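Pasting entry_10.cif here (mmCIF, N, CA and C atoms):
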```cif
data_run
#
loop_
_atom_site.label_atom_id
_atom_site.label_comp_id
_atom_site.auth_asym_id
_atom_site.auth_seq_id
_atom_site.Cartn_x
_atom_site.Cartn_y
_atom_site.Cartn_z
N MET A 21 41.23 54.25 -35.41
CA MET A 21 41.14 53.77 -34.04
C MET A 21 41.35 52.26 -34.03
N LEU A 22 42.19 51.81 -33.13
CA LEU A 22 42.41 50.38 -32.91
C LEU A 22 41.80 50.01 -31.57
N ARG A 23 41.27 48.81 -31.47
CA ARG A 23 40.76 48.36 -30.18
C ARG A 23 41.01 46.88 -30.00
N THR A 24 41.03 46.48 -28.75
CA THR A 24 41.17 45.06 -28.43
C THR A 24 39.83 44.37 -28.64
N GLY A 25 39.86 43.07 -28.57
CA GLY A 25 38.61 42.32 -28.54
C GLY A 25 37.92 42.54 -27.19
N TRP A 26 36.69 42.16 -27.13
CA TRP A 26 35.91 42.26 -25.89
C TRP A 26 36.51 41.34 -24.84
N GLN A 27 36.76 41.90 -23.67
CA GLN A 27 37.28 41.13 -22.52
C GLN A 27 36.13 41.00 -21.53
N ALA A 28 35.55 39.83 -21.44
CA ALA A 28 34.39 39.63 -20.56
C ALA A 28 34.81 39.58 -19.10
N GLY A 29 33.96 40.13 -18.26
CA GLY A 29 34.12 40.03 -16.82
C GLY A 29 33.19 38.96 -16.28
N PRO A 30 33.14 38.80 -14.97
CA PRO A 30 32.31 37.74 -14.39
C PRO A 30 30.83 38.08 -14.29
N ALA A 31 30.46 39.35 -14.43
CA ALA A 31 29.07 39.78 -14.21
C ALA A 31 28.34 39.90 -15.55
N SER A 32 27.00 39.90 -15.48
CA SER A 32 26.19 40.10 -16.68
C SER A 32 24.76 40.43 -16.28
N GLY A 33 24.00 40.90 -17.27
CA GLY A 33 22.58 41.13 -17.08
C GLY A 33 22.22 42.43 -16.39
N GLY A 34 20.97 42.85 -16.62
CA GLY A 34 20.44 44.04 -15.97
C GLY A 34 20.99 45.33 -16.53
N PRO A 35 20.64 46.45 -15.88
CA PRO A 35 21.17 47.74 -16.30
C PRO A 35 22.68 47.78 -16.05
N VAL A 36 23.39 48.52 -16.89
CA VAL A 36 24.85 48.60 -16.75
C VAL A 36 25.32 50.05 -16.86
N LEU A 37 26.45 50.31 -16.23
CA LEU A 37 27.13 51.59 -16.30
C LEU A 37 28.29 51.44 -17.27
N VAL A 38 28.31 52.28 -18.31
CA VAL A 38 29.40 52.28 -19.29
C VAL A 38 30.31 53.45 -18.97
N ALA A 39 31.61 53.17 -18.82
CA ALA A 39 32.59 54.21 -18.47
C ALA A 39 33.66 54.27 -19.56
N VAL A 40 33.87 55.46 -20.10
CA VAL A 40 34.86 55.68 -21.16
C VAL A 40 35.98 56.53 -20.60
N THR A 41 37.23 56.07 -20.77
CA THR A 41 38.38 56.88 -20.42
C THR A 41 39.14 57.22 -21.69
N ASP A 42 39.66 58.44 -21.74
CA ASP A 42 40.36 58.95 -22.92
C ASP A 42 41.60 59.70 -22.44
N PHE A 43 42.76 59.04 -22.53
CA PHE A 43 44.02 59.64 -22.10
C PHE A 43 44.70 60.29 -23.29
N HIS A 44 45.01 61.58 -23.16
CA HIS A 44 45.73 62.33 -24.20
C HIS A 44 47.17 62.50 -23.72
N ALA A 45 48.10 61.75 -24.32
CA ALA A 45 49.50 61.81 -23.91
C ALA A 45 50.13 63.13 -24.37
N THR A 46 50.88 63.75 -23.49
CA THR A 46 51.62 64.96 -23.86
C THR A 46 52.67 64.61 -24.91
N ARG A 47 53.32 63.46 -24.73
CA ARG A 47 54.32 62.98 -25.70
C ARG A 47 53.87 61.62 -26.21
N ARG A 48 53.77 61.48 -27.52
CA ARG A 48 53.31 60.21 -28.09
C ARG A 48 54.18 59.03 -27.68
N ARG A 49 55.44 59.29 -27.40
CA ARG A 49 56.33 58.19 -27.03
C ARG A 49 55.93 57.53 -25.71
N ASP A 50 55.11 58.21 -24.89
CA ASP A 50 54.63 57.63 -23.63
C ASP A 50 53.45 56.68 -23.84
N LEU A 51 52.87 56.72 -25.02
CA LEU A 51 51.64 55.97 -25.27
C LEU A 51 51.82 54.46 -25.11
N LEU A 52 52.93 53.91 -25.53
CA LEU A 52 53.14 52.47 -25.41
C LEU A 52 53.16 52.05 -23.95
N ALA A 53 53.83 52.81 -23.11
CA ALA A 53 53.87 52.48 -21.67
C ALA A 53 52.48 52.58 -21.06
N VAL A 54 51.70 53.56 -21.47
CA VAL A 54 50.33 53.71 -20.97
C VAL A 54 49.50 52.50 -21.41
N ALA A 55 49.63 52.11 -22.67
CA ALA A 55 48.88 50.96 -23.18
C ALA A 55 49.26 49.67 -22.45
N ARG A 56 50.53 49.48 -22.21
CA ARG A 56 50.97 48.28 -21.47
C ARG A 56 50.39 48.27 -20.06
N ALA A 57 50.37 49.42 -19.43
CA ALA A 57 49.81 49.50 -18.08
C ALA A 57 48.32 49.15 -18.10
N GLY A 58 47.60 49.66 -19.10
CA GLY A 58 46.18 49.33 -19.24
C GLY A 58 45.97 47.84 -19.46
N ARG A 59 46.84 47.26 -20.26
CA ARG A 59 46.74 45.82 -20.53
C ARG A 59 46.95 45.01 -19.26
N SER A 60 47.85 45.48 -18.40
CA SER A 60 48.10 44.76 -17.15
C SER A 60 46.84 44.74 -16.27
N LEU A 61 46.08 45.83 -16.30
CA LEU A 61 44.82 45.85 -15.55
C LEU A 61 43.79 44.91 -16.17
N ALA A 62 43.79 44.84 -17.49
CA ALA A 62 42.82 44.00 -18.19
C ALA A 62 43.03 42.52 -17.88
N ASN A 63 44.25 42.14 -17.56
CA ASN A 63 44.52 40.73 -17.27
C ASN A 63 43.72 40.21 -16.08
N ALA A 64 43.35 41.10 -15.16
CA ALA A 64 42.57 40.69 -13.98
C ALA A 64 41.07 40.74 -14.23
N TRP A 65 40.67 41.15 -15.42
CA TRP A 65 39.26 41.40 -15.70
C TRP A 65 38.33 40.21 -15.46
N PRO A 66 38.69 39.00 -15.85
CA PRO A 66 37.75 37.89 -15.69
C PRO A 66 37.29 37.64 -14.25
N SER A 67 38.04 38.14 -13.28
CA SER A 67 37.64 37.94 -11.88
C SER A 67 37.31 39.25 -11.16
N MET A 68 37.15 40.34 -11.91
CA MET A 68 36.88 41.66 -11.32
C MET A 68 35.41 41.74 -10.88
N PRO A 69 35.14 41.89 -9.59
CA PRO A 69 33.76 41.96 -9.12
C PRO A 69 32.98 43.12 -9.78
N GLY A 70 31.80 42.79 -10.29
CA GLY A 70 30.94 43.80 -10.90
C GLY A 70 31.29 44.19 -12.32
N ALA A 71 32.36 43.61 -12.88
CA ALA A 71 32.76 43.93 -14.25
C ALA A 71 31.99 43.07 -15.24
N VAL A 72 31.33 43.72 -16.18
CA VAL A 72 30.65 43.01 -17.26
C VAL A 72 31.66 42.74 -18.37
N GLY A 73 32.51 43.72 -18.66
CA GLY A 73 33.52 43.55 -19.69
C GLY A 73 34.17 44.87 -20.05
N MET A 74 35.11 44.81 -21.02
CA MET A 74 35.80 46.02 -21.42
C MET A 74 36.55 45.85 -22.74
N TRP A 75 36.84 47.01 -23.33
CA TRP A 75 37.75 47.10 -24.47
C TRP A 75 38.84 48.09 -24.11
N LEU A 76 40.02 47.89 -24.64
CA LEU A 76 41.05 48.93 -24.65
C LEU A 76 41.09 49.46 -26.08
N TRP A 77 41.42 50.72 -26.24
CA TRP A 77 41.48 51.32 -27.57
C TRP A 77 42.65 52.29 -27.62
N THR A 78 43.08 52.62 -28.84
CA THR A 78 44.13 53.62 -29.03
C THR A 78 43.97 54.31 -30.37
N MET A 79 44.41 55.53 -30.40
CA MET A 79 44.59 56.30 -31.63
C MET A 79 46.04 56.78 -31.58
N PRO A 80 46.99 55.91 -31.99
CA PRO A 80 48.40 56.21 -31.76
C PRO A 80 48.89 57.50 -32.42
N LEU A 81 48.43 57.80 -33.60
CA LEU A 81 48.90 59.02 -34.27
C LEU A 81 48.39 60.28 -33.58
N ALA A 82 47.29 60.15 -32.86
CA ALA A 82 46.74 61.29 -32.11
C ALA A 82 47.27 61.32 -30.67
N GLY A 83 48.05 60.30 -30.29
CA GLY A 83 48.58 60.26 -28.92
C GLY A 83 47.51 59.99 -27.87
N ARG A 84 46.51 59.19 -28.24
CA ARG A 84 45.39 58.92 -27.32
C ARG A 84 45.21 57.43 -27.11
N SER A 85 44.77 57.08 -25.91
CA SER A 85 44.40 55.70 -25.62
C SER A 85 43.46 55.70 -24.42
N GLY A 86 42.79 54.58 -24.23
CA GLY A 86 41.88 54.51 -23.10
C GLY A 86 41.13 53.20 -23.07
N SER A 87 40.00 53.24 -22.39
CA SER A 87 39.19 52.03 -22.22
C SER A 87 37.71 52.37 -22.29
N VAL A 88 36.95 51.35 -22.58
CA VAL A 88 35.49 51.39 -22.42
C VAL A 88 35.19 50.20 -21.52
N SER A 89 34.74 50.48 -20.31
CA SER A 89 34.45 49.41 -19.36
C SER A 89 32.97 49.43 -18.99
N VAL A 90 32.45 48.26 -18.70
CA VAL A 90 31.02 48.11 -18.43
C VAL A 90 30.87 47.45 -17.06
N TRP A 91 30.01 48.05 -16.22
CA TRP A 91 29.89 47.67 -14.81
C TRP A 91 28.43 47.45 -14.42
N THR A 92 28.24 46.65 -13.38
CA THR A 92 26.89 46.42 -12.87
C THR A 92 26.44 47.54 -11.95
N SER A 93 27.38 48.32 -11.42
CA SER A 93 27.01 49.38 -10.49
C SER A 93 28.11 50.43 -10.38
N GLU A 94 27.72 51.58 -9.88
CA GLU A 94 28.67 52.65 -9.58
C GLU A 94 29.67 52.17 -8.53
N ASP A 95 29.20 51.42 -7.54
CA ASP A 95 30.10 50.92 -6.50
C ASP A 95 31.16 49.98 -7.07
N ALA A 96 30.79 49.15 -8.04
CA ALA A 96 31.77 48.25 -8.66
C ALA A 96 32.85 49.04 -9.38
N LEU A 97 32.45 50.09 -10.11
CA LEU A 97 33.42 50.95 -10.79
C LEU A 97 34.32 51.63 -9.77
N LYS A 98 33.73 52.19 -8.73
CA LYS A 98 34.53 52.88 -7.70
C LYS A 98 35.52 51.92 -7.03
N SER A 99 35.10 50.70 -6.80
CA SER A 99 35.98 49.70 -6.19
C SER A 99 37.19 49.43 -7.09
N PHE A 100 36.96 49.32 -8.39
CA PHE A 100 38.06 49.12 -9.34
C PHE A 100 39.01 50.31 -9.33
N VAL A 101 38.45 51.51 -9.37
CA VAL A 101 39.27 52.73 -9.43
C VAL A 101 40.16 52.84 -8.19
N ARG A 102 39.69 52.34 -7.06
CA ARG A 102 40.45 52.42 -5.80
C ARG A 102 41.46 51.30 -5.62
N ARG A 103 41.43 50.30 -6.46
CA ARG A 103 42.36 49.16 -6.33
C ARG A 103 43.81 49.65 -6.47
N PRO A 104 44.71 49.14 -5.64
CA PRO A 104 46.11 49.59 -5.70
C PRO A 104 46.75 49.53 -7.09
N PRO A 105 46.54 48.47 -7.89
CA PRO A 105 47.18 48.49 -9.21
C PRO A 105 46.71 49.68 -10.07
N HIS A 106 45.43 50.03 -9.96
CA HIS A 106 44.90 51.15 -10.73
C HIS A 106 45.45 52.47 -10.20
N THR A 107 45.43 52.67 -8.90
CA THR A 107 45.90 53.95 -8.35
C THR A 107 47.39 54.13 -8.62
N GLN A 108 48.17 53.05 -8.62
CA GLN A 108 49.60 53.16 -8.93
C GLN A 108 49.82 53.62 -10.37
N ILE A 109 49.04 53.09 -11.29
CA ILE A 109 49.16 53.49 -12.70
C ILE A 109 48.75 54.94 -12.87
N VAL A 110 47.66 55.34 -12.23
CA VAL A 110 47.21 56.73 -12.33
C VAL A 110 48.30 57.67 -11.82
N ARG A 111 48.89 57.34 -10.69
CA ARG A 111 49.98 58.18 -10.16
C ARG A 111 51.18 58.20 -11.10
N ARG A 112 51.52 57.04 -11.63
CA ARG A 112 52.70 56.93 -12.51
C ARG A 112 52.59 57.84 -13.73
N PHE A 113 51.39 57.95 -14.30
CA PHE A 113 51.21 58.72 -15.52
C PHE A 113 50.50 60.06 -15.31
N ALA A 114 50.40 60.49 -14.08
CA ALA A 114 49.66 61.73 -13.76
C ALA A 114 50.19 62.94 -14.52
N ASN A 115 51.48 63.01 -14.76
CA ASN A 115 52.06 64.17 -15.44
C ASN A 115 52.36 63.90 -16.91
N ALA A 116 51.91 62.77 -17.43
CA ALA A 116 52.21 62.39 -18.81
C ALA A 116 51.14 62.83 -19.79
N GLY A 117 50.06 63.42 -19.30
CA GLY A 117 48.98 63.84 -20.20
C GLY A 117 47.74 64.21 -19.42
N THR A 118 46.63 64.22 -20.12
CA THR A 118 45.35 64.55 -19.48
C THR A 118 44.36 63.41 -19.70
N LEU A 119 43.48 63.25 -18.74
CA LEU A 119 42.49 62.18 -18.79
C LEU A 119 41.10 62.78 -18.83
N HIS A 120 40.30 62.31 -19.78
CA HIS A 120 38.90 62.71 -19.88
C HIS A 120 38.06 61.46 -19.67
N THR A 121 36.94 61.61 -19.00
CA THR A 121 36.06 60.47 -18.76
C THR A 121 34.62 60.84 -19.10
N HIS A 122 33.86 59.84 -19.42
CA HIS A 122 32.43 60.00 -19.69
C HIS A 122 31.76 58.68 -19.30
N ARG A 123 30.58 58.77 -18.74
CA ARG A 123 29.85 57.54 -18.40
C ARG A 123 28.36 57.75 -18.51
N TRP A 124 27.67 56.65 -18.69
CA TRP A 124 26.22 56.68 -18.79
C TRP A 124 25.67 55.28 -18.48
N TRP A 125 24.38 55.26 -18.19
CA TRP A 125 23.68 54.00 -17.90
C TRP A 125 22.96 53.50 -19.14
N MET A 126 22.96 52.19 -19.31
CA MET A 126 22.14 51.53 -20.33
C MET A 126 21.13 50.67 -19.57
N PRO A 127 19.83 50.76 -19.90
CA PRO A 127 18.84 49.97 -19.18
C PRO A 127 19.04 48.46 -19.37
N GLU A 128 19.60 48.09 -20.52
CA GLU A 128 19.92 46.69 -20.80
C GLU A 128 21.19 46.69 -21.64
N PHE A 129 22.14 45.85 -21.32
CA PHE A 129 23.42 45.86 -22.01
C PHE A 129 23.31 45.34 -23.43
N ASP A 130 23.79 46.15 -24.35
CA ASP A 130 23.92 45.79 -25.76
C ASP A 130 25.35 46.15 -26.14
N ARG A 131 26.18 45.13 -26.33
CA ARG A 131 27.60 45.37 -26.56
C ARG A 131 27.86 46.25 -27.78
N ASP A 132 27.17 46.00 -28.89
CA ASP A 132 27.38 46.80 -30.10
C ASP A 132 26.99 48.26 -29.87
N GLN A 133 25.85 48.47 -29.22
CA GLN A 133 25.41 49.84 -28.95
C GLN A 133 26.35 50.55 -27.98
N ALA A 134 26.84 49.84 -26.99
CA ALA A 134 27.79 50.44 -26.03
C ALA A 134 29.03 50.92 -26.76
N TRP A 135 29.55 50.10 -27.70
CA TRP A 135 30.74 50.53 -28.45
C TRP A 135 30.42 51.71 -29.36
N ARG A 136 29.30 51.65 -30.08
CA ARG A 136 28.94 52.75 -30.99
C ARG A 136 28.83 54.07 -30.24
N THR A 137 28.14 54.06 -29.11
CA THR A 137 27.97 55.28 -28.32
C THR A 137 29.31 55.76 -27.78
N SER A 138 30.13 54.85 -27.32
CA SER A 138 31.46 55.22 -26.81
C SER A 138 32.29 55.85 -27.92
N ARG A 139 32.26 55.24 -29.08
CA ARG A 139 33.04 55.75 -30.22
C ARG A 139 32.58 57.16 -30.60
N GLU A 140 31.30 57.42 -30.52
CA GLU A 140 30.79 58.77 -30.82
C GLU A 140 31.39 59.80 -29.87
N HIS A 141 31.62 59.43 -28.62
CA HIS A 141 32.25 60.35 -27.67
C HIS A 141 33.73 60.54 -27.96
N LEU A 142 34.35 59.52 -28.52
CA LEU A 142 35.79 59.55 -28.76
C LEU A 142 36.17 60.15 -30.11
N VAL A 143 35.33 59.93 -31.11
CA VAL A 143 35.62 60.41 -32.46
C VAL A 143 34.45 61.26 -32.92
N PRO A 144 34.54 62.57 -32.71
CA PRO A 144 33.43 63.45 -33.12
C PRO A 144 33.18 63.37 -34.62
N LYS A 145 31.93 63.48 -34.99
CA LYS A 145 31.56 63.48 -36.41
C LYS A 145 32.08 64.75 -37.06
N LYS A 146 32.50 64.61 -38.32
CA LYS A 146 33.04 65.76 -39.06
C LYS A 146 31.95 66.45 -39.84
#
```

Could you render the structure from this file as structure tokens?
Amino acid sequence: MLRTGWQAGPASGGPVLVAVTDFHATRRRDLLAVARAGRSLANAWPSMPGAVGMWLWTMPLAGRSGSVSVWTSEDALKSFVRRPPHTQIVRRFANAGTLHTHRWWMPEFDRDQAWRTSREHLVPKK
């Protein structure tokens, strides 16, 4: 698994909502375009209301990529999901694979623990 460095958002502190997305590309050749699209969303992260931060990740040989994003509230996450750049990307790749999501609350944000827990959802133990 490869991942980007932590991309901090403008928010911090308190309980946080961790959201994991896992896109399984039908064709691995689509993965680069999906990753570029995700990166374009990440560029706006420092000014995203309610965003604590995020990582992008990929497992290129498995044809998978996604994000782990951290939010101050469910409303902040929903606001991001409804933003036109996000909805355009979702529509663009709607038939290119399947998307799985998982989320949970942390009473206090711990970046290392958030990544470890996210990774456990993405890479099952053997």

**Report entry** Residues within 6.5 Å of Val38 (chain A), all atoms listed in the file, excluding chain neighbours under 3 positions, as a list of chain:residue names
**Finding:**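 Residues meeting the cut-off are A:Val88, A:Ser89, A:Val90, A:Trp91, A:His122, A:Arg123, A:Trp124, A:Trp125, A:Met126.
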
Suppose we keep N, CA and C atoms; can you now write the selection as a CSV table (one decimal), in the frame of the given file?
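Contents of again26.csv, freshly written:
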```csv
chain,number,residue,atom,x,y,z
A,88,VAL,N,37.0,51.4,-22.6
A,88,VAL,CA,35.5,51.4,-22.4
A,88,VAL,C,35.2,50.2,-21.5
A,89,SER,N,34.7,50.5,-20.3
A,89,SER,CA,34.4,49.4,-19.4
A,89,SER,C,33.0,49.4,-19.0
A,90,VAL,N,32.4,48.3,-18.7
A,90,VAL,CA,31.0,48.1,-18.4
A,90,VAL,C,30.9,47.4,-17.1
A,91,TRP,N,30.0,48.0,-16.2
A,91,TRP,CA,29.9,47.7,-14.8
A,91,TRP,C,28.4,47.4,-14.4
A,122,HIS,N,33.9,59.8,-19.4
A,122,HIS,CA,32.4,60.0,-19.7
A,122,HIS,C,31.8,58.7,-19.3
A,123,ARG,N,30.6,58.8,-18.7
A,123,ARG,CA,29.8,57.5,-18.4
A,123,ARG,C,28.4,57.8,-18.5
A,124,TRP,N,27.7,56.6,-18.7
A,124,TRP,CA,26.2,56.7,-18.8
A,124,TRP,C,25.7,55.3,-18.5
A,125,TRP,N,24.4,55.3,-18.2
A,125,TRP,CA,23.7,54.0,-17.9
A,125,TRP,C,23.0,53.5,-19.1
A,126,MET,N,23.0,52.2,-19.3
A,126,MET,CA,22.1,51.5,-20.3
A,126,MET,C,21.1,50.7,-19.6
```

Query raised in the report: Just so the selection is clear, what residues does the PyMOL selection byres (((chain A and resi 107-113 and name CA) around 12) and name CA) cover here, as an NGL selection string?
Result: :A and (41 or 43-47 or 50-61 or 98-106 or 114-119)

Dump of N, CA and C atoms for the selected residues, as an mmCIF file, in the coordinates of the input:
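Result went into result_39.cif, see below:
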```
data_model
loop_
_atom_site.group_PDB
_atom_site.id
_atom_site.type_symbol
_atom_site.label_atom_id
_atom_site.label_comp_id
_atom_site.auth_asym_id
_atom_site.auth_seq_id
_atom_site.Cartn_x
_atom_site.Cartn_y
_atom_site.Cartn_z
ATOM 1 N N THR A 41 37.230 56.070 -20.770
ATOM 2 C CA THR A 41 38.380 56.880 -20.420
ATOM 3 C C THR A 41 39.140 57.220 -21.690
ATOM 4 N N PHE A 43 42.760 59.040 -22.530
ATOM 5 C CA PHE A 43 44.020 59.640 -22.100
ATOM 6 C C PHE A 43 44.700 60.290 -23.290
ATOM 7 N N HIS A 44 45.010 61.580 -23.160
ATOM 8 C CA HIS A 44 45.730 62.330 -24.200
ATOM 9 C C HIS A 44 47.170 62.500 -23.720
ATOM 10 N N ALA A 45 48.100 61.750 -24.320
ATOM 11 C CA ALA A 45 49.500 61.810 -23.910
ATOM 12 C C ALA A 45 50.130 63.130 -24.370
ATOM 13 N N THR A 46 50.880 63.750 -23.490
ATOM 14 C CA THR A 46 51.620 64.960 -23.860
ATOM 15 C C THR A 46 52.670 64.610 -24.910
ATOM 16 N N ARG A 47 53.320 63.460 -24.730
ATOM 17 C CA ARG A 47 54.320 62.980 -25.700
ATOM 18 C C ARG A 47 53.870 61.620 -26.210
ATOM 19 N N ASP A 50 55.110 58.210 -24.890
ATOM 20 C CA ASP A 50 54.630 57.630 -23.630
ATOM 21 C C ASP A 50 53.450 56.680 -23.840
ATOM 22 N N LEU A 51 52.870 56.720 -25.020
ATOM 23 C CA LEU A 51 51.640 55.970 -25.270
ATOM 24 C C LEU A 51 51.820 54.460 -25.110
ATOM 25 N N LEU A 52 52.930 53.910 -25.530
ATOM 26 C CA LEU A 52 53.140 52.470 -25.410
ATOM 27 C C LEU A 52 53.160 52.050 -23.950
ATOM 28 N N ALA A 53 53.830 52.810 -23.110
ATOM 29 C CA ALA A 53 53.870 52.480 -21.670
ATOM 30 C C ALA A 53 52.480 52.580 -21.060
ATOM 31 N N VAL A 54 51.700 53.560 -21.470
ATOM 32 C CA VAL A 54 50.330 53.710 -20.970
ATOM 33 C C VAL A 54 49.500 52.500 -21.410
ATOM 34 N N ALA A 55 49.630 52.110 -22.670
ATOM 35 C CA ALA A 55 48.880 50.960 -23.180
ATOM 36 C C ALA A 55 49.260 49.670 -22.450
ATOM 37 N N ARG A 56 50.530 49.480 -22.210
ATOM 38 C CA ARG A 56 50.970 48.280 -21.470
ATOM 39 C C ARG A 56 50.390 48.270 -20.060
ATOM 40 N N ALA A 57 50.370 49.420 -19.430
ATOM 41 C CA ALA A 57 49.810 49.500 -18.080
ATOM 42 C C ALA A 57 48.320 49.150 -18.100
ATOM 43 N N GLY A 58 47.600 49.660 -19.100
ATOM 44 C CA GLY A 58 46.180 49.330 -19.240
ATOM 45 C C GLY A 58 45.970 47.840 -19.460
ATOM 46 N N ARG A 59 46.840 47.260 -20.260
ATOM 47 C CA ARG A 59 46.740 45.820 -20.530
ATOM 48 C C ARG A 59 46.950 45.010 -19.260
ATOM 49 N N SER A 60 47.850 45.480 -18.400
ATOM 50 C CA SER A 60 48.100 44.760 -17.150
ATOM 51 C C SER A 60 46.840 44.740 -16.270
ATOM 52 N N LEU A 61 46.080 45.830 -16.300
ATOM 53 C CA LEU A 61 44.820 45.850 -15.550
ATOM 54 C C LEU A 61 43.790 44.910 -16.170
ATOM 55 N N LYS A 98 33.730 52.190 -8.730
ATOM 56 C CA LYS A 98 34.530 52.880 -7.700
ATOM 57 C C LYS A 98 35.520 51.920 -7.030
ATOM 58 N N SER A 99 35.100 50.700 -6.800
ATOM 59 C CA SER A 99 35.980 49.700 -6.190
ATOM 60 C C SER A 99 37.190 49.430 -7.090
ATOM 61 N N PHE A 100 36.960 49.320 -8.390
ATOM 62 C CA PHE A 100 38.060 49.120 -9.340
ATOM 63 C C PHE A 100 39.010 50.310 -9.330
ATOM 64 N N VAL A 101 38.450 51.510 -9.370
ATOM 65 C CA VAL A 101 39.270 52.730 -9.430
ATOM 66 C C VAL A 101 40.160 52.840 -8.190
ATOM 67 N N ARG A 102 39.690 52.340 -7.060
ATOM 68 C CA ARG A 102 40.450 52.420 -5.800
ATOM 69 C C ARG A 102 41.460 51.300 -5.620
ATOM 70 N N ARG A 103 41.430 50.300 -6.460
ATOM 71 C CA ARG A 103 42.360 49.160 -6.330
ATOM 72 C C ARG A 103 43.810 49.650 -6.470
ATOM 73 N N PRO A 104 44.710 49.140 -5.640
ATOM 74 C CA PRO A 104 46.110 49.590 -5.700
ATOM 75 C C PRO A 104 46.750 49.530 -7.090
ATOM 76 N N PRO A 105 46.540 48.470 -7.890
ATOM 77 C CA PRO A 105 47.180 48.490 -9.210
ATOM 78 C C PRO A 105 46.710 49.680 -10.070
ATOM 79 N N HIS A 106 45.430 50.030 -9.960
ATOM 80 C CA HIS A 106 44.900 51.150 -10.730
ATOM 81 C C HIS A 106 45.450 52.470 -10.200
ATOM 82 N N ALA A 114 50.400 60.490 -14.080
ATOM 83 C CA ALA A 114 49.660 61.730 -13.760
ATOM 84 C C ALA A 114 50.190 62.940 -14.520
ATOM 85 N N ASN A 115 51.480 63.010 -14.760
ATOM 86 C CA ASN A 115 52.060 64.170 -15.440
ATOM 87 C C ASN A 115 52.360 63.900 -16.910
ATOM 88 N N ALA A 116 51.910 62.770 -17.430
ATOM 89 C CA ALA A 116 52.210 62.390 -18.810
ATOM 90 C C ALA A 116 51.140 62.830 -19.790
ATOM 91 N N GLY A 117 50.060 63.420 -19.300
ATOM 92 C CA GLY A 117 48.980 63.840 -20.200
ATOM 93 C C GLY A 117 47.740 64.210 -19.420
ATOM 94 N N THR A 118 46.630 64.220 -20.120
ATOM 95 C CA THR A 118 45.350 64.550 -19.480
ATOM 96 C C THR A 118 44.360 63.410 -19.700
ATOM 97 N N LEU A 119 43.480 63.250 -18.740
ATOM 98 C CA LEU A 119 42.490 62.180 -18.790
ATOM 99 C C LEU A 119 41.100 62.780 -18.830
#
```

Query raised in the report: Per DSSP on the backbone, what are the helix (DSSP H, G or I) residues of region 28-80 of chain A, as a list in words?
Result: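 Everything in region 28-80 of chain A that counts as helix (DSSP H, G or I) is Arg48, Arg49, Asp50, Leu51, Leu52, Ala53, Val54, Ala55, Arg56, Ala57, Gly58, Arg59, Ser60, Leu61, Ala62, Trp65, Pro66, Ser67 and Pro80 of chain A.
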
Query - Picked residues, the PyMOL selection byres ((chain A and resi 127-131) around 8), expected as a list in words - result: Ser32, Gly33, Gly34, Pro35, Val36, Leu37, Trp124, Trp125, Met126, Asp132, Gln133, Ala134, Trp135, Arg136 and Thr137 of chain A

Query raised in the report: What do you get, as a list in words, if you spell out every residue that the PyMOL selection byres (((chain A and resi 28 and name CA) around 8) and name CA) selects here?
Result: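 So the PyMOL selection byres (((chain A and resi 28 and name CA) around 8) and name CA) ends up selecting Trp26, Gln27, Gly29, Pro30, Trp65, Pro66, Ala71, Val72, Gly73 and Met74 of chain A.
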
Query - Gap from atom N of Thr24 (chain A) to CA of Thr78 (chain A) - Å, one decimal - result: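 Going from atom N of Thr24 (chain A) over to CA of Thr78 (chain A) covers 7.8 Å.
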
Query raised in the report: Separation of atom N of Pro144 (chain A) and CA of Met21 (chain A), in Å?
Result: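 Result for atom N of Pro144 (chain A) versus CA of Met21 (chain A): 11.1 Å, one decimal.
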
Query raised in the report: CA of Asp95 (chain A) and atom C of Ser138 (chain A) are how many Å apart?
Result: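 Between CA of Asp95 (chain A) and atom C of Ser138 (chain A) the gap is 22.1 Å.
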
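For Pro80 (chain A), the residues within 7 Å (counting all atoms listed in the file, excluding itself and residues fewer than 5 positions away along the chain) are Met21, Leu22, Arg48 and Ser85 of chain A.
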
Report task. Mind listing the strand (DSSP E or B) residues of region 55-116 of chain A, per DSSP on the backbone, as a VMD selection string? Result -> chain A and resid 71 to 79 84 to 91
